[in-house]
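**Student:** Below is a structure I'd like to ask you about.
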Amino acid sequence: MDCYTANWNPLGDSAFYRKYELYSMDWDLKEELRDCLVAAAPYGGPIALLRNPWQKEKAASVRPVLDIYSASGMPLASLLWKSGPVVSLGWSAEEELLCVQEDGAVLVYGLHGDFRRHFSMGNEVLQNRVLDARIFHTEFGSGVAILTGAHRFTLSANVGDLKLRRMPEVPGLQSAPSCWTTLCQDRVAHILLAVGPDLYLLDHAACSAVTPPGLAPGVSSFLQMAVSFTYRHLALFTDTGYIWMGTASLKEKLCEFNCNIRAPPKQMVWCSRPRSKERAVVVAWERRLMVVGDAPESIQFVLDEDSYLVPELDGVRIFSRSTHEFLHEVPAASEEIFKIASMAPGALLLEAQKEYEKESQKADEYLREIQELGQLTQAVQQCIEAAGHEHQPDMQKSLLRAASFGKCFLDRFPPDNFVRMCQDLRVLNAVRDYHIGIPLTYSQYKQLTIQVLLDRLVLRRLYPLAIQICEYLRLPEVQGVSRILAHWACYKVQQKDVSDEDVARAINQKLGDTPGVSYSDIAARAYGCGRTELAIKLLEYEPRSGEQVPLLLKMKRSKLALSKAIESGDTDLVFTVLLHLKNELNRGDFFMTLRNQPMALSLYRQFCKHQELETLKDLYNQDDNHQELGSFHIRASYAAEERIEGRVAALQTAADAFYKAKNEFAAKATEDQMRLLRLQRRLEDELGGRFLDLSLHNTVTTLILGGHNKRAEQLARDFRIPDKRLWWLKLTALADLEDWEELEKFSKSKKSPIGYLPFVEICMKQHNKYEAKKYASRVGPEQKVKALLLVGEVAQAADVAIEHRNEAELSLVLSHCTGATDGATADKIQRARAQAQKK
Amino acid sequence: MAFPHRPDAPELPDFSMLKRLARDQLIYLLEQQHEVDKLYKVENKPALSSNEQLCFLVRPRIKNMRYIANLVNADKLAGRTRKYKVIFSPQKFYACEMVLEEEGIYGDVSCDEWAFSLLPLDVDLLSMELPEFFRDYFLEGDQRWINTVAQALHLLSTLYGPFPNSYGIGRCAKMSYELWRKLEEEEDGETKGRRPEIGHTFLLDRDTDFVTALCSQVVYEGLVDDTFRIKCGSVDFGPEVTSSDKSLKVLLNAEDKVFSEIRNEHFSNVFGFLSQKARNLQAQYDRRRGMDIKQMKNFVSQELKGLKQEHRLLSLHIGACESIMKKKTKQDFQELIKTEHALLEGFSIRESTSYIEEHIDRQVSPIESLRLMCLLSITENGLIPKDYRSLKTQYLQSYGPEHLLTFSNLRRAGLLTEQAPGDTLTAVESKVSKLVTDKAAGKITDAFSSLAKRSNFRAISKKLNLIPRVDGEYDLKVPRDMAYVFSGAYVPLSCRIIEQVLERRSWQGLDEVVRLLNCSEFAFTDMTKEDKASSESLRLILVVFLGGCTFSEISALRFLGREKGYRFIFLTTAVTNSARLMEAMSEVKA
């Protein structure tokens, strides 16, 4: 056990720090690290080296080389740098390499050295050149901060959504600051810079001078500053060899340390663990590494080689030409278990398990000891937790074995923690493998989440491993396997040396009908690589025809898109395609296309009816659809035209169209309407009042009501109003006027074509019983009973009904017999009925 | 005298969930917005509100977009800046966005969708409240709502389990069904393994049966709809009904105990029933005379409220009845019904034609006249050319020449046509059916196919025995068959088709009927082999009416359900009646 803690270094009384090797690097670097621009991504990310940067004048003709390695030193990409001089490199949160050039252009590369895009940091930067640049991470993404030759700062907090912000000027700043960093507080990025003995804080509005509380006197300049991974803490290194550590808000001092080394350190980074009280800073010089914290002594390491520090969430990675190490504070659980002579429950449990394997009875003693204290649950948990923090699988195993052993003696210990830890460790060990090279710690892994880890594996094109992990963790297909397969397919379509058929077949074979895989997305990628034919082939596999349409449109296969859209039955989609086609084709072709697609045609007509009337007309014209053309003009005569001449003209066009459509009826009706309109206009001029747009019937009625009987007659003759209608019309109009005299005259003008019952009805409607009775006598025999009932002559009606010997009439009368008054009549009818039945 | 359900009739699923779902969604949408203080109808006039934000809840129609555009542009001219939000229900259409863009206000408004497609109007009635469906699809050939229907069905199957057996007739039915299946397949797995709650679905296009929808309704609920117009399950009873000076909005559904007993009754029974009910009520009130204090206390606290409520409803429905009787006798309702029955039976066509002519000449009502003309045309397979011309001429003279367009619409929809010489018609028919079998042309426009559409009503009526043979008086109090909803004169065609198919569990043996309905390509049966459906669920049937259904049809099927121990659930694009159908076809001057 004592050998296990050999690499533990105490810092003060309460904490230990240990450094262990992650990988031995065999990247075979030709140059020293110090001759390169170096950038390493956090969370065990890749390392980028730009060799032969420009500061060396020698061999200016030789182009620099940009190399990208995994954390274990496996080469991922290597390319000749052909653009301008690079000032700074950095990795974004999506593991894209940002290369900041001297002219302010930022070039973005993928993990495999594939160029993605570039953007500029603005004109000001372009003019004044970039002096220094930093890539930093915030909760929004990755940002870039730039110090220009004019000693001004420009930053963008998120390169995904580029918004440049020029920071205010620092008054009286003549030379470059001795050191600076970006801070991130309250979701806003600030810049802290040191000029001589002064510190300034820049936010987007103002520049303010700040002083760290409790700073030792005698500082004439700051040589280095470091912000912690979470932006919570700040460390300052002064020219007196003094280190101040405090909160990033500069409101509180945590501790200070004097290392008595005045040489400026190469790097200074925080080394702390989340939820731990210990704060420490790692300072690196050429050959010396120092861990300082709230303790009078520091931990010192000798560096054999040129090294580079990478701050992590829970420690610091240190890599050099030959090794890659991790330095961190020993976690509480591990400390409890492994501390020399520890009596913590976990330590005892581990011991017990070992004795048990040796078949020694001591196992029982240890176990009893734990159980007597009632700490077995705690012991198991400690072992599980400690296993998570171990790098060596052997040690993980022995801790887990201990936990499993302890578990046997516990009732109802929930197994989830144990199982999950086993799974997590298996995943972690897999990705830590030399060939994969992602040295994640357990805390980092939890922070990163499995989804992001899978994304990163996909990014490294490690599809089989990603799929194995998904299957092992039983992730739902849509989030897991299918997503990865889809990514694989997207990568596959970029393999230009394979033929379209082979790629399509390979993709279909592997993907089949996996749920959640969108063939159209893959096709879109293929199209993005310029493989239109492949994209179309892939789209054939897409089961939802609706999904095929947008891409087909993009690829300018609009006609194919149209038939797919129609197949999908989604009219909205059809419409989208239609409007595309409309802009893409000339009018003639567009119309021809429509002609072959009746559903699309009717849809487009709908649209035109409301938005483009002229086009609608053209459509009908093209189809020789004279019937619809006629209707179109009729509608125009009501809606579009105001003037009477215009309306008549529209109607004339309509009539012509109807003739062409061989719809004589409509044509005639339209011509009648033209005549009527003209006439109504004349009537309005001559008689006043409103006639326009009345129906023929109402026009005549209005004339009669106005006393223009002659004109009414004329109109009726001109328009050949049938007699029946005319009689109804006159009857109603005269009754409305209560012109009973005229009505009677009219009734006698000739034999009524509608009989005389209507006269009775209408008079009764006007409550004129007297007049009604006059006409009741003239009603023909079939309707006599009805007429008599209408005027209220029930008894008389009964007589007539009896005379007719009509059963229906009899019951009709009977139903009108009400109460006492008609009692006699009712009896009479009953008698007549009885008689009829006898016969 | 409400018919009780058979004791073994299955329970209906609880549809109130749909309401809650829709409500929560809307609240969510509106809460993203600020508080809504007043509701306005979207019309083509300036908004009176002085608020800084306007929120429009609209159907996705180009017309509405123009209104909004006008409003926004007016604000712009006046130098006002407001925020605008358009919520489309049930979905956003690309065309609408296009219009907003063309009108130059796309950047000014933000758009959202409220996927509300099913409104439970009653325990067994779901409405999509899309009255425009009828005109859009059956006249304009616009298939935009088919997707909405499929989505609605999909929603139902996610909530109430898969539908194991499906039948349908009509092109729209088939398209909706296929689209629905596609949606189900895409989201496979969710409904899999669930036990179906509803055993059968039946999809039916309105154009397979126009006749039923065109008849005057004589079942109480239908009559109330024809007379007062039921909107969204509630009706505005005017002062003449409430016998006060105020109008009253009344919800009509199964909650209303009085209404639920008379809704399915033939009107001739309703009055008698109501007066009987009134007497019972009085008797219950009278009971309190002999009560001691304790009983009285009981009575007041427990029964009185219910009695009062019943009293109020009773007086309302009596008022409604009186009002209906007054209106119906005034227009000589008996004559009208007689003519309709004659048309259905195919007797005395000449007299009916002259009755219609007189109807037009007297300008009784443009919609009614039109309805009778259509009924004549459909039952007679089109009007003979002479009548076709003369009736149309008369109509134009009476109601205005703009109806020339109405006639063109009706012809296109196959509602009012001219009898054509037989041979040319069959020629077109065969041509169309050839096109139809071709898959690409399967989605041929209605405009074209209606040319070949013959109603064949007479033949269908004979085949399906729609006109019951009556020996003596048809007893409307104790109905024998579904014909009671039309006074025993006619079994609604749509309901008969459903009955027959359910009996056979397929279209087998109905080939001739299907052919006569011009639906040879569009009648389908789809049964799943799995036998997971309980016998309970197999007696629950969802009937989907595409293009609307009438209350008479609902009553008829409720009757059928009681007879056979089924329960029907109705899903309709909207509740309709003859007047609504005719109005949808009419062209009115803007």
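Scheme for the structure tokens: letters A, B, ... for chains in order shown; per-chain residue numbers from 1; ligand numbers from 1 in order shown.
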Residues of chain B within 6 Å of chain A, counting only C-alpha atoms - could you list those as a list of chain:residue names?
**Tutor:** B:Phe93, B:Tyr94, B:Arg144, B:Asp361, B:Gln397, B:Ser398, B:Tyr399, B:Gly400, B:Ile444, B:Thr445
**Student:** Please, could you write that set of residues out with C-alpha atoms as a compact mmCIF listing (two decimals), in the first residue's frame?
**Tutor:**
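Written out: out16.txt:
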```
# COMPACT_ATOMS: atom_id res chain seq x y z
CA PHE B 93 -49.61 26.96 -45.14
CA TYR B 94 -46.78 28.01 -47.29
CA ARG B 144 -55.16 20.85 -48.49
CA ASP B 361 -91.47 32.56 -58.90
CA GLN B 397 -84.81 36.30 -62.93
CA SER B 398 -85.88 35.87 -59.34
CA TYR B 399 -82.65 35.98 -57.43
CA GLY B 400 -80.22 37.83 -59.63
CA ILE B 444 -57.13 13.86 -61.07
CA THR B 445 -59.16 16.96 -60.38
```
**Student:** Show which residues sit within 12 Å of Met395 in chain A, as a list in words. Count only C-alpha atoms, and ignore same-chain residues fewer than 5 positions away.
**Tutor:** Met1, Tyr4, Ser334, Phe338, Leu350, Cys383, Ile384, Ala386, Ala387, Gly388, His389, Glu390, Leu400, Arg401, Ala402 and Leu425 of chain A
**Student:** Please, could you write that set of residues out with C-alpha atoms as a tab-separated table (two decimals), in the first residue's frame?
**Tutor:**
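This went into result12.tsv:
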```tsv
chain	number	residue	atom	x	y	z
A	1	MET	CA	0.00	0.00	0.00
A	4	TYR	CA	0.74	3.11	-4.02
A	334	SER	CA	-9.16	7.89	-2.73
A	338	PHE	CA	-5.25	4.90	0.50
A	350	LEU	CA	-10.56	-3.00	0.70
A	383	CYS	CA	-14.90	2.13	-2.86
A	384	ILE	CA	-17.18	2.72	-5.81
A	386	ALA	CA	-12.63	5.85	-5.54
A	387	ALA	CA	-12.70	3.33	-8.40
A	388	GLY	CA	-14.03	6.07	-10.64
A	389	HIS	CA	-11.01	8.23	-9.98
A	390	GLU	CA	-8.41	5.57	-10.66
A	400	LEU	CA	-14.91	-2.52	-7.41
A	401	ARG	CA	-14.28	-6.03	-6.19
A	402	ALA	CA	-14.14	-4.67	-2.66
A	425	LEU	CA	-15.40	2.83	-16.33
```
**Student:** What does the distance between CA of Asp623 in chain A and CA of Leu139 in chain B come to in Å, to one decimal place?
**Tutor:**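 Separation of CA of Asp623 in chain A and CA of Leu139 in chain B: 19.1 Å.
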**Student:** Find, counting only C-alpha atoms, the residue in B:Phe347, B:Ile230, B:Leu248, B:Ile262 that gets nearest to Arg312 in chain B.
**Tutor:**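 For Arg312 in chain B, the nearest of the candidates is B:Leu248.
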**Student:** Determine, counting only C-alpha atoms, which protein, DNA and RNA residues have an atom within 9 Å of an atom of Leu546 in chain B; residues of the same chain fewer than 6 positions away are not included. Present the result as a PDB file with C-alpha atoms, in the first residue's frame.
**Tutor:**
```
ATOM      1  CA  PHE B 133     -63.729  21.729 -46.306  1.00  0.00           C
ATOM      2  CA  PHE B 134     -66.827  21.092 -48.382  1.00  0.00           C
ATOM      3  CA  VAL B 149     -57.873  14.992 -41.542  1.00  0.00           C
ATOM      4  CA  CYS B 172     -61.128  11.797 -50.370  1.00  0.00           C
ATOM      5  CA  ALA B 173     -61.754   8.996 -47.890  1.00  0.00           C
ATOM      6  CA  LEU B 203     -64.649   7.015 -43.798  1.00  0.00           C
ATOM      7  CA  LEU B 204     -67.241   8.464 -46.099  1.00  0.00           C
ATOM      8  CA  ASP B 205     -67.153  11.269 -48.634  1.00  0.00           C
ATOM      9  CA  ARG B 206     -70.052  13.664 -48.590  1.00  0.00           C
ATOM     10  CA  ASP B 207     -70.454  13.359 -52.340  1.00  0.00           C
ATOM     11  CA  LEU B 571     -66.075  12.678 -36.625  1.00  0.00           C
ATOM     12  CA  THR B 572     -67.047  15.268 -39.147  1.00  0.00           C
ATOM     13  CA  THR B 573     -65.292  18.121 -40.848  1.00  0.00           C
ATOM     14  CA  ALA B 574     -68.293  20.176 -39.739  1.00  0.00           C
TER      15      ALA B 574
END
```
**Student:** Skip Tyr220 in chain B itself and residues of its chain fewer than 5 positions away, then list as a JSON list (two decimals) with C-alpha atoms, in the first residue's frame all residues within 10 Å of it, counting only C-alpha atoms.
**Tutor:**
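Below is the file that was written, part-v5.json:
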```
[["chain", "number", "residue", "atom", "x", "y", "z"],
["B", 225, "ASP", "CA", -80.24, 23.32, -36.70],
["B", 226, "ASP", "CA", -82.26, 24.10, -39.83],
["B", 259, "PHE", "CA", -82.64, 17.91, -24.88],
["B", 262, "ILE", "CA", -85.79, 14.62, -27.52],
["B", 263, "ARG", "CA", -82.87, 15.34, -29.82],
["B", 264, "ASN", "CA", -83.29, 12.15, -31.82],
["B", 265, "GLU", "CA", -87.09, 12.23, -31.86],
["B", 266, "HIS", "CA", -89.26, 12.89, -34.82],
["B", 267, "PHE", "CA", -90.65, 16.35, -34.40],
["B", 268, "SER", "CA", -94.25, 15.16, -34.23],
["B", 269, "ASN", "CA", -93.49, 13.41, -30.93],
["B", 270, "VAL", "CA", -91.56, 16.17, -29.32],
["B", 321, "CYS", "CA", -90.94, 24.09, -30.59],
["B", 324, "ILE", "CA", -90.50, 26.11, -35.20],
["B", 485, "VAL", "CA", -85.61, 10.49, -39.37],
["B", 551, "PHE", "CA", -77.94, 15.81, -37.41],
["B", 552, "SER", "CA", -80.44, 13.53, -39.14],
["B", 555, "SER", "CA", -79.79, 10.47, -35.20]]
```
**Student:** Using DSSP on the backbone, list every residue of range 580-696 of chain A that comes out as helix (DSSP H, G or I), and give them as a PyMOL selection string.
**Tutor:** chain A and resi 580-584+587-595+598-611+613-622+626-639+644-660+664-687+696
**Student:** May I ask which of the residues B:Trp507, B:Tyr137, B:Phe333, B:Tyr84 is the closest one to Leu223 in chain B, counting only C-alpha atoms?
**Tutor:** B:Phe333
**Student:** Step one, run DSSP on the backbone; step two, keep only residues of range 145-195 of chain B assigned to strand (DSSP E or B); then write them as a list in words.
**Tutor:**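 Assigned to strand (DSSP E or B), within range 145-195 of chain B: Asn165, Ser166, Tyr167, Gly168 and Ile169 of chain B.
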**Student:** Can you list, as a PyMOL selection string, every protein, DNA or RNA residue that comes within 12 Å of Thr532 in chain A when you count only C-alpha atoms, leaving out same-chain residues fewer than 4 positions away?
**Tutor:** chain A and resi 493+500+522-528+536-539+551-557
**Student:** Write out, as a short mmCIF file (atom, residue, chain, number, x, y, z; two decimals), in the first residue's frame, the residues just selected, with N, CA, C and O atoms.
**Tutor:**
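The file below, selection-v4.cif, is the result:
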```cif
data_model
loop_
_atom_site.label_atom_id
_atom_site.label_comp_id
_atom_site.auth_asym_id
_atom_site.auth_seq_id
_atom_site.Cartn_x
_atom_site.Cartn_y
_atom_site.Cartn_z
N VAL A 493 -20.42 9.24 -48.00
CA VAL A 493 -20.70 9.87 -49.29
C VAL A 493 -19.56 10.80 -49.72
O VAL A 493 -19.50 11.22 -50.86
N ASP A 500 -20.99 5.89 -57.30
CA ASP A 500 -22.28 6.25 -56.72
C ASP A 500 -23.07 5.01 -56.32
O ASP A 500 -23.61 4.94 -55.22
N ILE A 522 -28.69 12.53 -45.45
CA ILE A 522 -27.48 11.97 -46.04
C ILE A 522 -27.35 12.43 -47.49
O ILE A 522 -26.28 12.83 -47.95
N ALA A 523 -28.49 12.41 -48.17
CA ALA A 523 -28.49 12.87 -49.56
C ALA A 523 -28.06 14.32 -49.64
O ALA A 523 -27.33 14.72 -50.54
N ALA A 524 -28.52 15.10 -48.66
CA ALA A 524 -28.16 16.52 -48.66
C ALA A 524 -26.64 16.65 -48.55
O ALA A 524 -26.03 17.49 -49.20
N ARG A 525 -26.06 15.77 -47.72
CA ARG A 525 -24.62 15.82 -47.59
C ARG A 525 -23.93 15.44 -48.90
O ARG A 525 -22.97 16.08 -49.33
N ALA A 526 -24.49 14.42 -49.55
CA ALA A 526 -23.91 14.00 -50.82
C ALA A 526 -23.97 15.14 -51.83
O ALA A 526 -23.02 15.39 -52.56
N TYR A 527 -25.10 15.82 -51.82
CA TYR A 527 -25.24 16.95 -52.74
C TYR A 527 -24.22 18.03 -52.38
O TYR A 527 -23.62 18.66 -53.25
N GLY A 528 -24.03 18.21 -51.07
CA GLY A 528 -23.06 19.20 -50.60
C GLY A 528 -21.67 18.89 -51.12
O GLY A 528 -20.86 19.79 -51.34
N ILE A 536 -29.62 11.73 -55.53
CA ILE A 536 -30.91 11.28 -56.04
C ILE A 536 -31.10 9.80 -55.73
O ILE A 536 -32.18 9.36 -55.33
N LYS A 537 -30.01 9.02 -55.89
CA LYS A 537 -30.11 7.59 -55.58
C LYS A 537 -30.47 7.38 -54.12
O LYS A 537 -31.29 6.53 -53.77
N LEU A 538 -29.84 8.16 -53.26
CA LEU A 538 -30.10 8.00 -51.82
C LEU A 538 -31.54 8.39 -51.49
O LEU A 538 -32.18 7.79 -50.64
N LEU A 539 -32.00 9.42 -52.17
CA LEU A 539 -33.36 9.89 -51.89
C LEU A 539 -34.39 8.80 -52.19
O LEU A 539 -35.45 8.75 -51.59
N LEU A 551 -34.75 18.87 -50.84
CA LEU A 551 -33.44 18.66 -51.45
C LEU A 551 -33.53 18.64 -52.97
O LEU A 551 -32.69 19.22 -53.66
N LEU A 552 -34.57 17.98 -53.47
CA LEU A 552 -34.74 17.93 -54.93
C LEU A 552 -34.83 19.35 -55.48
O LEU A 552 -34.29 19.66 -56.53
N LEU A 553 -35.52 20.20 -54.73
CA LEU A 553 -35.64 21.59 -55.17
C LEU A 553 -34.28 22.24 -55.20
O LEU A 553 -33.93 22.95 -56.13
N LYS A 554 -33.52 21.98 -54.16
CA LYS A 554 -32.22 22.59 -54.04
C LYS A 554 -31.34 22.13 -55.20
O LYS A 554 -30.52 22.88 -55.71
N MET A 555 -31.55 20.88 -55.60
CA MET A 555 -30.72 20.35 -56.69
C MET A 555 -31.29 20.70 -58.05
O MET A 555 -30.85 20.18 -59.06
N LYS A 556 -32.32 21.53 -58.03
CA LYS A 556 -32.96 21.98 -59.26
C LYS A 556 -33.62 20.84 -60.02
O LYS A 556 -33.73 20.86 -61.24
N ARG A 557 -34.03 19.83 -59.34
CA ARG A 557 -34.83 18.77 -59.98
C ARG A 557 -36.30 19.06 -59.67
O ARG A 557 -36.97 18.28 -59.01
#
```
**Student:** Suppose you want the space between CA of Ala650 in chain A and CA of Phe138 in chain B; what is it in Å?
**Tutor:**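 Calculated distance between CA of Ala650 in chain A and CA of Phe138 in chain B is 28.1 Å.
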**Student:** Show which residues sit within 8 Å of range 535-542 of chain B, as a ChimeraX atom specification. Count only C-alpha atoms, and ignore same-chain residues fewer than 6 positions away.
**Tutor:** /B:9-10,12,196-202,565-571
